[in-house]
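Novice: My structure file start.pdb, PDB, C-alpha atoms and all ligand atoms, is below:
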ATOM      1  CA  MET L 943      96.489   8.701  37.626
ATOM      2  CA  ARG L 944      92.868   8.985  36.622
ATOM      3  CA  ILE L 945      90.350  11.179  38.437
ATOM      4  CA  ASP L 946      86.602  11.112  37.849
ATOM      5  CA  VAL L 947      84.659  14.079  39.193
ATOM      6  CA  LEU L 948      80.884  13.951  39.748
ATOM      7  CA  THR L 949      79.175  17.345  39.864
ATOM      8  CA  VAL L 950      75.983  19.171  38.851
ATOM      9  CA  LEU L 951      78.119  22.137  37.739
ATOM     10  CA  PRO L 952      80.706  20.692  35.307
ATOM     11  CA  GLY L 953      81.360  24.092  33.772
ATOM     12  CA  LEU L 954      83.127  25.216  36.939
ATOM     13  CA  PHE L 955      86.031  22.919  36.030
ATOM     14  CA  ASP L 956      86.597  24.182  32.460
ATOM     15  CA  CYS L 957      89.359  26.710  33.122
ATOM     16  CA  PHE L 958      90.951  24.698  35.891
ATOM     17  CA  LEU L 959      91.485  21.719  33.572
ATOM     18  CA  LYS L 960      92.759  23.804  30.651
ATOM     19  CA  GLU L 961      95.216  26.224  32.238
ATOM     20  CA  GLY L 962      98.595  26.080  33.955
ATOM     21  CA  VAL L 963     100.457  23.070  35.293
ATOM     22  CA  ILE L 964      97.258  21.007  35.590
ATOM     23  CA  GLY L 965      96.164  21.862  32.054
ATOM     24  CA  LYS L 966      99.574  20.818  30.681
ATOM     25  CA  ALA L 967      99.584  17.592  32.698
ATOM     26  CA  ILE L 968      96.209  16.647  31.200
ATOM     27  CA  SER L 969      96.978  17.716  27.613
ATOM     28  CA  SER L 970     100.287  15.819  27.739
ATOM     29  CA  GLY L 971      98.492  12.696  28.968
ATOM     30  CA  LYS L 972     100.445  12.493  32.232
ATOM     31  CA  VAL L 973      97.137  12.463  34.131
ATOM     32  CA  GLU L 974      93.527  11.885  33.120
ATOM     33  CA  VAL L 975      90.674  13.921  34.600
ATOM     34  CA  LYS L 976      87.064  13.335  33.538
ATOM     35  CA  VAL L 977      84.274  15.556  34.781
ATOM     36  CA  HIS L 978      80.782  14.000  34.752
ATOM     37  CA  ASN L 979      77.497  15.863  35.025
ATOM     38  CA  ILE L 980      75.342  14.040  37.573
ATOM     39  CA  ARG L 981      72.340  15.211  35.550
ATOM     40  CA  ASP L 982      73.459  12.906  32.721
ATOM     41  CA  PHE L 983      72.724   9.965  35.018
ATOM     42  CA  THR L 984      69.069  10.837  35.647
ATOM     43  CA  THR L 985      66.284   8.919  33.924
ATOM     44  CA  ASP L 986      63.379  11.343  34.109
ATOM     45  CA  LYS L 987      62.357  13.900  31.519
ATOM     46  CA  HIS L 988      63.299  16.844  33.734
ATOM     47  CA  ARG L 989      66.703  15.377  34.705
ATOM     48  CA  VAL L 990      65.994  15.946  38.396
ATOM     49  CA  VAL L 991      69.051  15.629  40.667
ATOM     50  CA  ASP L 992      67.714  17.042  43.936
ATOM     51  CA  ASP L 993      64.678  16.911  46.181
ATOM     52  CA  VAL L 994      63.362  18.371  49.437
ATOM     53  CA  PRO L 995      64.842  16.942  52.651
ATOM     54  CA  TYR L 996      62.838  14.317  54.581
ATOM     55  CA  GLY L 997      61.863  15.778  57.961
ATOM     56  CA  GLY L 998      61.606  19.276  56.487
ATOM     57  CA  GLY L 999      64.209  22.051  56.693
ATOM     58  CA  PRO L1000      65.728  24.523  54.252
ATOM     59  CA  GLY L1001      67.091  23.862  50.780
ATOM     60  CA  MET L1002      67.389  20.756  48.675
ATOM     61  CA  VAL L1003      69.379  17.533  48.931
ATOM     62  CA  LEU L1004      71.141  15.738  46.065
ATOM     63  CA  LYS L1005      69.276  12.506  45.340
ATOM     64  CA  PRO L1006      71.163   9.202  45.701
ATOM     65  CA  GLU L1007      69.988   7.486  42.485
ATOM     66  CA  PRO L1008      71.824   9.593  39.850
ATOM     67  CA  ILE L1009      75.043   9.483  41.885
ATOM     68  CA  PHE L1010      74.835   5.708  42.330
ATOM     69  CA  ARG L1011      74.086   5.306  38.607
ATOM     70  CA  ALA L1012      77.157   7.402  37.782
ATOM     71  CA  TYR L1013      79.313   5.387  40.191
ATOM     72  CA  ASP L1014      78.079   2.055  38.784
ATOM     73  CA  GLU L1015      78.641   3.197  35.195
ATOM     74  CA  LEU L1016      82.115   4.594  35.850
ATOM     75  CA  THR L1017      83.324   1.609  37.841
ATOM     76  CA  LYS L1018      82.101  -1.109  35.440
ATOM     77  CA  GLU L1019      85.607  -1.507  34.133
ATOM     78  CA  GLY L1020      89.105  -0.946  35.396
ATOM     79  CA  GLU L1021      90.467  -0.401  38.880
ATOM     80  CA  LYS L1022      87.992   0.657  41.561
ATOM     81  CA  PRO L1023      88.592   4.328  42.437
ATOM     82  CA  TYR L1024      89.369   5.645  45.903
ATOM     83  CA  VAL L1025      86.255   7.773  46.488
ATOM     84  CA  LEU L1026      86.355  11.214  48.117
ATOM     85  CA  LEU L1027      83.352  13.287  49.107
ATOM     86  CA  THR L1028      84.014  16.971  49.737
ATOM     87  CA  GLU L1029      82.146  17.997  52.893
ATOM     88  CA  PRO L1030      82.370  21.062  55.185
ATOM     89  CA  TRP L1031      82.840  18.773  58.175
ATOM     90  CA  GLY L1032      85.092  16.175  56.594
ATOM     91  CA  GLU L1033      88.644  15.267  57.566
ATOM     92  CA  LYS L1034      90.873  18.325  57.130
ATOM     93  CA  PHE L1035      92.821  18.162  53.877
ATOM     94  CA  ASN L1036      96.565  18.745  54.226
ATOM     95  CA  GLN L1037      99.840  18.060  52.453
ATOM     96  CA  GLU L1038     100.186  14.659  54.108
ATOM     97  CA  MET L1039      96.809  13.612  52.681
ATOM     98  CA  ALA L1040      97.787  15.062  49.266
ATOM     99  CA  VAL L1041     100.917  12.881  49.254
ATOM    100  CA  GLU L1042      98.887   9.806  50.249
ATOM    101  CA  LEU L1043      96.220  10.446  47.584
ATOM    102  CA  SER L1044      98.855  11.078  44.894
ATOM    103  CA  LYS L1045      99.865   7.422  45.227
ATOM    104  CA  LYS L1046      96.387   6.115  44.366
ATOM    105  CA  PRO L1047      96.035   4.948  40.735
ATOM    106  CA  ARG L1048      92.455   6.229  40.498
ATOM    107  CA  LEU L1049      90.354   8.725  42.445
ATOM    108  CA  MET L1050      86.698   9.703  42.255
ATOM    109  CA  ILE L1051      85.583  12.995  43.796
ATOM    110  CA  ILE L1052      81.883  13.482  44.473
ATOM    111  CA  CYS L1053      80.955  17.166  44.711
ATOM    112  CA  GLY L1054      77.835  18.062  46.626
ATOM    113  CA  ARG L1055      75.683  21.137  46.190
ATOM    114  CA  TYR L1056      72.636  22.735  47.889
ATOM    115  CA  GLU L1057      72.403  21.213  51.421
ATOM    116  CA  GLY L1058      74.640  18.320  50.454
ATOM    117  CA  VAL L1059      74.213  14.730  49.260
ATOM    118  CA  ASP L1060      71.779  12.100  50.540
ATOM    119  CA  GLU L1061      73.480  10.299  53.452
ATOM    120  CA  ARG L1062      73.303   6.955  51.599
ATOM    121  CA  VAL L1063      75.811   8.276  49.049
ATOM    122  CA  LYS L1064      78.390   7.994  51.825
ATOM    123  CA  SER L1065      78.235   4.199  51.498
ATOM    124  CA  LEU L1066      80.268   4.706  48.290
ATOM    125  CA  VAL L1067      82.796   7.007  49.961
ATOM    126  CA  ASP L1068      86.256   6.131  51.307
ATOM    127  CA  ARG L1069      87.047   9.572  52.739
ATOM    128  CA  GLU L1070      84.982  12.696  53.499
ATOM    129  CA  VAL L1071      87.326  15.650  53.075
ATOM    130  CA  SER L1072      87.101  19.327  54.009
ATOM    131  CA  ILE L1073      89.492  22.028  52.823
ATOM    132  CA  GLY L1074      88.879  24.243  55.842
ATOM    133  CA  ASP L1075      86.649  25.472  58.644
ATOM    134  CA  TYR L1076      84.459  27.768  56.573
ATOM    135  CA  VAL L1077      81.308  27.079  54.579
ATOM    136  CA  LEU L1078      81.301  27.266  50.790
ATOM    137  CA  THR L1079      78.348  26.947  48.412
ATOM    138  CA  GLY L1080      79.398  23.559  47.094
ATOM    139  CA  GLY L1081      82.048  20.886  46.765
ATOM    140  CA  GLU L1082      83.531  21.874  43.391
ATOM    141  CA  LEU L1083      86.138  24.418  44.558
ATOM    142  CA  PRO L1084      87.310  21.988  47.272
ATOM    143  CA  ALA L1085      87.607  19.307  44.565
ATOM    144  CA  MET L1086      89.817  21.641  42.495
ATOM    145  CA  VAL L1087      91.972  22.455  45.517
ATOM    146  CA  ILE L1088      92.429  18.763  46.250
ATOM    147  CA  MET L1089      93.183  17.917  42.590
ATOM    148  CA  ASP L1090      95.703  20.761  42.317
ATOM    149  CA  ALA L1091      97.582  19.666  45.440
ATOM    150  CA  VAL L1092      97.504  15.979  44.431
ATOM    151  CA  LEU L1093      98.258  16.216  40.705
ATOM    152  CA  ARG L1094     101.316  18.450  41.195
ATOM    153  CA  LEU L1095     102.857  15.560  43.127
ATOM    154  CA  ILE L1096     102.507  13.082  40.258
ATOM    155  CA  PRO L1097     106.011  12.405  38.826
ATOM    156  CA  GLY L1098     106.571  14.377  35.632
ATOM    157  CA  VAL L1099     103.755  16.873  36.214
ATOM    158  CA  LEU L1100     105.953  19.659  37.539
ATOM    159  CA  GLY L1101     108.729  21.034  35.317
ATOM    160  CA  ASN L1102     112.289  19.959  36.224
ATOM    161  CA  LEU L1103     113.069  23.283  37.881
ATOM    162  CA  GLU L1104     109.985  23.048  40.092
ATOM    163  CA  SER L1105     110.580  19.432  41.044
ATOM    164  CA  LEU L1106     114.182  20.261  42.024
ATOM    165  CA  ARG L1107     112.872  22.898  44.405
ATOM    166  CA  ALA L1108     113.259  21.850  48.041
ATOM    167  CA  ASP L1109     109.831  20.216  47.986
ATOM    168  CA  SER L1110     110.839  18.228  51.033
ATOM    169  CA  PHE L1111     109.830  21.453  52.793
ATOM    170  CA  SER L1112     106.283  21.775  51.505
ATOM    171  CA  ASP L1113     105.882  18.001  51.455
ATOM    172  CA  ARG L1114     106.545  18.082  55.190
ATOM    173  CA  GLY L1115     104.051  20.920  55.534
ATOM    174  CA  LEU L1116     106.759  23.497  56.334
ATOM    175  CA  LEU L1117     105.986  27.064  55.277
ATOM    176  CA  GLY L1118     107.931  28.402  52.302
ATOM    177  CA  TYR L1119     111.003  30.661  52.354
ATOM    178  CA  PRO L1120     110.894  34.311  51.140
ATOM    179  CA  ASN L1121     111.232  34.801  47.362
ATOM    180  CA  TYR L1122     112.915  37.766  45.661
ATOM    181  CA  THR L1123     113.611  38.748  42.063
ATOM    182  CA  ARG L1124     115.094  41.794  40.323
ATOM    183  CA  PRO L1125     115.636  44.614  41.134
ATOM    184  CA  ALA L1126     118.171  44.065  43.983
ATOM    185  CA  GLU L1127     116.800  47.211  45.667
ATOM    186  CA  PHE L1128     113.241  48.526  45.346
ATOM    187  CA  ARG L1129     111.930  51.575  47.224
ATOM    188  CA  GLY L1130     114.736  51.191  49.737
ATOM    189  CA  MET L1131     114.032  47.494  50.333
ATOM    190  CA  LYS L1132     117.077  45.361  49.586
ATOM    191  CA  VAL L1133     117.309  41.682  48.640
ATOM    192  CA  PRO L1134     119.191  39.741  51.402
ATOM    193  CA  GLU L1135     122.908  39.692  50.534
ATOM    194  CA  VAL L1136     123.147  35.905  50.787
ATOM    195  CA  LEU L1137     120.794  35.538  47.807
ATOM    196  CA  LEU L1138     123.123  37.688  45.684
ATOM    197  CA  SER L1139     126.224  35.737  46.795
ATOM    198  CA  GLY L1140     125.917  32.839  44.344
ATOM    199  CA  HIS L1141     126.976  30.586  47.248
ATOM    200  CA  HIS L1142     124.451  27.773  46.803
ATOM    201  CA  LYS L1143     125.174  26.006  50.095
ATOM    202  CA  LYS L1144     124.733  29.234  52.049
ATOM    203  CA  ILE L1145     121.570  30.082  50.089
ATOM    204  CA  GLU L1146     120.105  26.646  50.751
ATOM    205  CA  SER L1147     120.840  26.830  54.457
ATOM    206  CA  TRP L1148     119.443  30.404  54.687
ATOM    207  CA  ARG L1149     116.229  29.259  52.969
ATOM    208  CA  LYS L1150     115.897  26.237  55.249
ATOM    209  CA  GLU L1151     116.384  28.440  58.308
ATOM    210  CA  GLN L1152     113.801  30.948  57.020
ATOM    211  CA  SER L1153     111.302  28.171  56.368
ATOM    212  CA  LEU L1154     111.784  26.607  59.811
ATOM    213  CA  ARG L1155     111.688  30.002  61.544
ATOM    214  CA  LYS L1156     108.479  31.029  59.754
ATOM    215  CA  THR L1157     106.868  27.671  60.504
ATOM    216  CA  LEU L1158     107.882  27.847  64.190
ATOM    217  CA  GLU L1159     106.469  31.383  64.464
ATOM    218  CA  ARG L1160     103.200  30.839  62.593
ATOM    219  CA  ARG L1161     102.450  27.101  62.833
ATOM    220  CA  PRO L1162     104.429  25.621  65.795
ATOM    221  CA  GLU L1163     102.189  22.562  65.746
ATOM    222  CA  ILE L1164     103.688  21.566  62.379
ATOM    223  CA  ILE L1165     107.173  21.535  63.929
ATOM    224  CA  GLU L1166     105.928  19.533  66.924
ATOM    225  CA  ASN L1167     104.234  17.082  64.552
ATOM    226  CA  LEU L1168     107.413  16.635  62.479
ATOM    227  CA  LYS L1169     109.493  16.201  65.656
ATOM    228  CA  ARG L1170     107.112  13.515  66.896
ATOM    229  CA  LYS L1171     107.415  11.713  63.559
ATOM    230  CA  GLY L1172     111.187  12.085  63.508
ATOM    231  CA  LEU L1173     110.957  14.040  60.244
ATOM    232  CA  LEU L1174     113.284  16.848  61.270
ATOM    233  CA  THR L1175     117.043  16.338  60.842
ATOM    234  CA  LYS L1176     119.443  17.010  63.726
ATOM    235  CA  GLU L1177     120.655  20.287  62.212
ATOM    236  CA  GLU L1178     117.057  21.378  61.490
ATOM    237  CA  LEU L1179     116.280  20.837  65.183
ATOM    238  CA  GLU L1180     119.228  22.980  66.327
TER     239      GLU L1180
HETATM  240  C1  LIG L1201      76.053  25.899  52.324
HETATM  241  N1  LIG L1201      75.357  24.622  52.268
HETATM  242  C2  LIG L1201      74.551  24.371  53.465
HETATM  243  C3  LIG L1201      75.384  24.028  54.685
HETATM  244  C4  LIG L1201      76.318  22.859  54.373
HETATM  245  C5  LIG L1201      77.139  23.150  53.112
HETATM  246  C6  LIG L1201      76.254  23.495  51.965
HETATM  247  C7  LIG L1201      77.067  23.806  50.727
HETATM  248  N2  LIG L1201      77.731  22.590  50.260
HETATM  249  C8  LIG L1201      77.064  21.614  49.602
HETATM  250  C9  LIG L1201      77.967  20.608  49.328
HETATM  251  C10 LIG L1201      79.235  20.994  49.816
HETATM  252  C11 LIG L1201      80.494  20.400  49.839
HETATM  253  C12 LIG L1201      81.543  21.040  50.475
HETATM  254  C13 LIG L1201      81.346  22.276  51.081
HETATM  255  C14 LIG L1201      82.447  22.920  51.837
HETATM  256  N3  LIG L1201      82.269  24.074  52.486
HETATM  257  N4  LIG L1201      83.422  24.380  53.136
HETATM  258  C15 LIG L1201      84.343  23.438  52.922
HETATM  259  N5  LIG L1201      85.618  23.418  53.450
HETATM  260  C16 LIG L1201      83.760  22.481  52.080
HETATM  261  C17 LIG L1201      84.461  21.351  51.608
HETATM  262  N6  LIG L1201      85.111  20.460  51.249
HETATM  263  C18 LIG L1201      80.099  22.901  51.031
HETATM  264  C19 LIG L1201      79.042  22.254  50.418
END
Please, can you express the file's structure as structure tokens?

Specialist:
Amino acid sequence: MRIDVLTVLPGLFDCFLKEGVIGKAISSGKVEVKVHNIRDFTTDKHRVVDDVPYGGGPGMVLKPEPIFRAYDELTKEGEKPYVLLTEPWGEKFNQEMAVELSKKPRLMIICGRYEGVDERVKSLVDREVSIGDYVLTGGELPAMVIMDAVLRLIPGVLGNLESLRADSFSDRGLLGYPNYTRPAEFRGMKVPEVLLSGHHKKIESWRKEQSLRKTLERRPEIIENLKRKGLLTKEELE
């Protein structure tokens, strides 16, 4: 998969693209992520990317021209990307969308700043996406959240151990099971016996039950959604 990111703050992506699972996936060539500074697609001496909003109002708006120039330049060759725009009021990002996006061969993520992008930029966009009902200062952190959730799903990106984990849980949006490590008792708090039993079938079923129970308690709508889609097995429904 290739992802092109358009932003006026490319430096925000430096650590994200160097460290951890994502950093390894890029350095090993499993995925390609290119971050482009919108300013590099301006043509004036001052490399202006924003301007005051028509009709008045606070702040500045990202101009359409540099973004369109970047899009035209980056899509001259190769497969057309599926274009995302991060927006506070976009479609809510979730695991289902992450799975869908992970199947695209190429993505482009346009990150707004200030008051946002000129509305005409949206003519380039396939999906306006929000990572939650709160207002951030720009679209770069949402872009990193989306890339993290999507790239981890690309085959080969996660280590074997990780990929063997019951990802069918998180891929269905179920909440995770409790994790423990040594010591077996800490300040009077003991690790559940089943996890010390070495009985893999019992451990797996305990974890599944914990995940379903936690999801039912905290996010019952996820269970209802899975039921409606027939994505819960008979024993999971019991
Ligand atoms: C504050 N400032 C004036 C009010 C409108 C937003 C603006 C800041 N801003 C500019 C571009 C931009 C893109 C995404 C987001 C964003 N916020 N919350 C989310 N879940 C987001 C996503 N995804 C915020 C952005």

Novice: Could you tell me which of L:Gly1098, L:Leu954, L:Lys1169, L:Asp982 comes closest to Ser970 of chain L if we count only C-alpha atoms?

Specialist: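 Looking at the shortest contact to Ser970 of chain L, the residue is L:Gly1098.
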
Novice: Care to translate the PyMOL selection byres (((chain L and resi 1144-1150) around 10) and not hetatm) into actual residues of this file, as a PDB file with C-alpha atoms, in the frame of the given file?

Specialist:
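Writing the result to result_33.pdb gives the following:
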ATOM      1  CA  ALA L1108     113.259  21.850  48.041  1.00  0.00           C
ATOM      2  CA  PHE L1111     109.830  21.453  52.793  1.00  0.00           C
ATOM      3  CA  LEU L1116     106.759  23.497  56.334  1.00  0.00           C
ATOM      4  CA  LEU L1117     105.986  27.064  55.277  1.00  0.00           C
ATOM      5  CA  GLY L1118     107.931  28.402  52.302  1.00  0.00           C
ATOM      6  CA  TYR L1119     111.003  30.661  52.354  1.00  0.00           C
ATOM      7  CA  PRO L1120     110.894  34.311  51.140  1.00  0.00           C
ATOM      8  CA  ASN L1121     111.232  34.801  47.362  1.00  0.00           C
ATOM      9  CA  PRO L1134     119.191  39.741  51.402  1.00  0.00           C
ATOM     10  CA  GLU L1135     122.908  39.692  50.534  1.00  0.00           C
ATOM     11  CA  VAL L1136     123.147  35.905  50.787  1.00  0.00           C
ATOM     12  CA  LEU L1137     120.794  35.538  47.807  1.00  0.00           C
ATOM     13  CA  LEU L1138     123.123  37.688  45.684  1.00  0.00           C
ATOM     14  CA  SER L1139     126.224  35.737  46.795  1.00  0.00           C
ATOM     15  CA  GLY L1140     125.917  32.839  44.344  1.00  0.00           C
ATOM     16  CA  HIS L1141     126.976  30.586  47.248  1.00  0.00           C
ATOM     17  CA  HIS L1142     124.451  27.773  46.803  1.00  0.00           C
ATOM     18  CA  LYS L1143     125.174  26.006  50.095  1.00  0.00           C
ATOM     19  CA  GLU L1151     116.384  28.440  58.308  1.00  0.00           C
ATOM     20  CA  GLN L1152     113.801  30.948  57.020  1.00  0.00           C
ATOM     21  CA  SER L1153     111.302  28.171  56.368  1.00  0.00           C
ATOM     22  CA  LEU L1154     111.784  26.607  59.811  1.00  0.00           C
ATOM     23  CA  ARG L1155     111.688  30.002  61.544  1.00  0.00           C
ATOM     24  CA  LYS L1156     108.479  31.029  59.754  1.00  0.00           C
ATOM     25  CA  GLU L1178     117.057  21.378  61.490  1.00  0.00           C
TER      26      GLU L1178
END

Novice: Using Å and a single decimal, report how far atom CA of Gly1054 of chain L sits from atom C6 of ligand LIG 1201 (chain L).

Specialist: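 A separation of 7.8 Å between them.
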
Novice: Write out as a VMD selection string the residues lying within 10 Å of Ile945 of chain L, counting all atoms listed in the file and excluding same-chain residues fewer than 4 positions away.

Specialist: chain L and resid 973 to 977 1023 to 1025 1046 to 1051 1089 1093

Novice: As a ChimeraX atom specification, please: every protein or nucleic acid residue near ligand LIG 1201 (chain L) (cut-off 8 Å, counting only C-alpha atoms and all ligand atoms).

Specialist: /L:1001,1027-1032,1053-1059,1071-1085

Novice: Let me have the centre and edge lengths of the axis-aligned box enclosing all listed atoms of segment 1159-1173 of chain L with 8 Å padding on every side, in Å to one decimal, as JSON.

Specialist:
{"center_x": 106.7, "center_y": 21.5, "center_z": 63.6, "size_x": 25.0, "size_y": 35.7, "size_z": 22.7}

Novice: For atom CA of Glu1042 of chain L and atom CA of Arg1114 of chain L, quote the distance in Å rounded to one decimal.

Specialist: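 Going from atom CA of Glu1042 of chain L over to atom CA of Arg1114 of chain L, I get 12.3 Å.
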
Novice: Find the distance between atom CA of Thr1017 of chain L and atom CA of Arg944 of chain L and write it in Å to one decimal.

Specialist: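 Going from atom CA of Thr1017 of chain L over to atom CA of Arg944 of chain L covers 12.1 Å.
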
Novice: For the structure provided, state which residues fall under the PyMOL selection byres (((chain L and resi 1063) around 9) and not hetatm), and present them as a list in words.

Specialist: Lys1005, Pro1006, Glu1007, Ile1009, Phe1010, Val1059, Asp1060, Glu1061, Arg1062, Lys1064, Ser1065, Leu1066 and Val1067 of chain L

Novice: I need the residue nearest Arg981 of chain L from this list: L:Pro952, L:Gly1101, L:Gly1020, L:Gly965. Use only C-alpha atoms for the distance.

Specialist: L:Pro952

Novice: Find the residues around Leu1168 of chain L up to 12 Å (only C-alpha atoms counted), leave out those fewer than 3 positions away in its own chain, and share them as a ChimeraX atom specification.

Specialist: /L:1038,1111,1113-1116,1154,1157-1158,1161-1165,1171-1175,1178-1179

Novice: Just checking: using only C-alpha atoms, which residue out of L:Lys1018, L:Asp946, L:Ile1088, L:Gly962 ends up closest to Val1041 of chain L?

Specialist: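 The answer is L:Ile1088, which sits nearest to Val1041 of chain L.
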
Novice: Select, from L:Glu1177, L:Gly971, L:Pro1008, L:Asn1167, the residue with the minimum atom-to-atom distance to Asp992 of chain L, counting only C-alpha atoms.

Specialist: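 Of L:Glu1177, L:Gly971, L:Pro1008, L:Asn1167, the one nearest Asp992 of chain L is L:Pro1008, counting only C-alpha atoms.
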
Novice: Restricting the calculation to all atoms listed in the file: of L:Ile968, L:Val950, L:Met1002, L:Leu959, which residue gets closest to Thr984 of chain L?

Specialist: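 Of L:Ile968, L:Val950, L:Met1002, L:Leu959, the one nearest Thr984 of chain L is L:Val950, counting all atoms listed in the file.
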
Novice: Counting all atoms listed in the file, which residue out of L:Glu1159, L:Arg1069, L:Glu1127, L:Asp993 sits closest to Leu1043 of chain L?

Specialist: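 Of L:Glu1159, L:Arg1069, L:Glu1127, L:Asp993, the one nearest Leu1043 of chain L is L:Arg1069, counting all atoms listed in the file.
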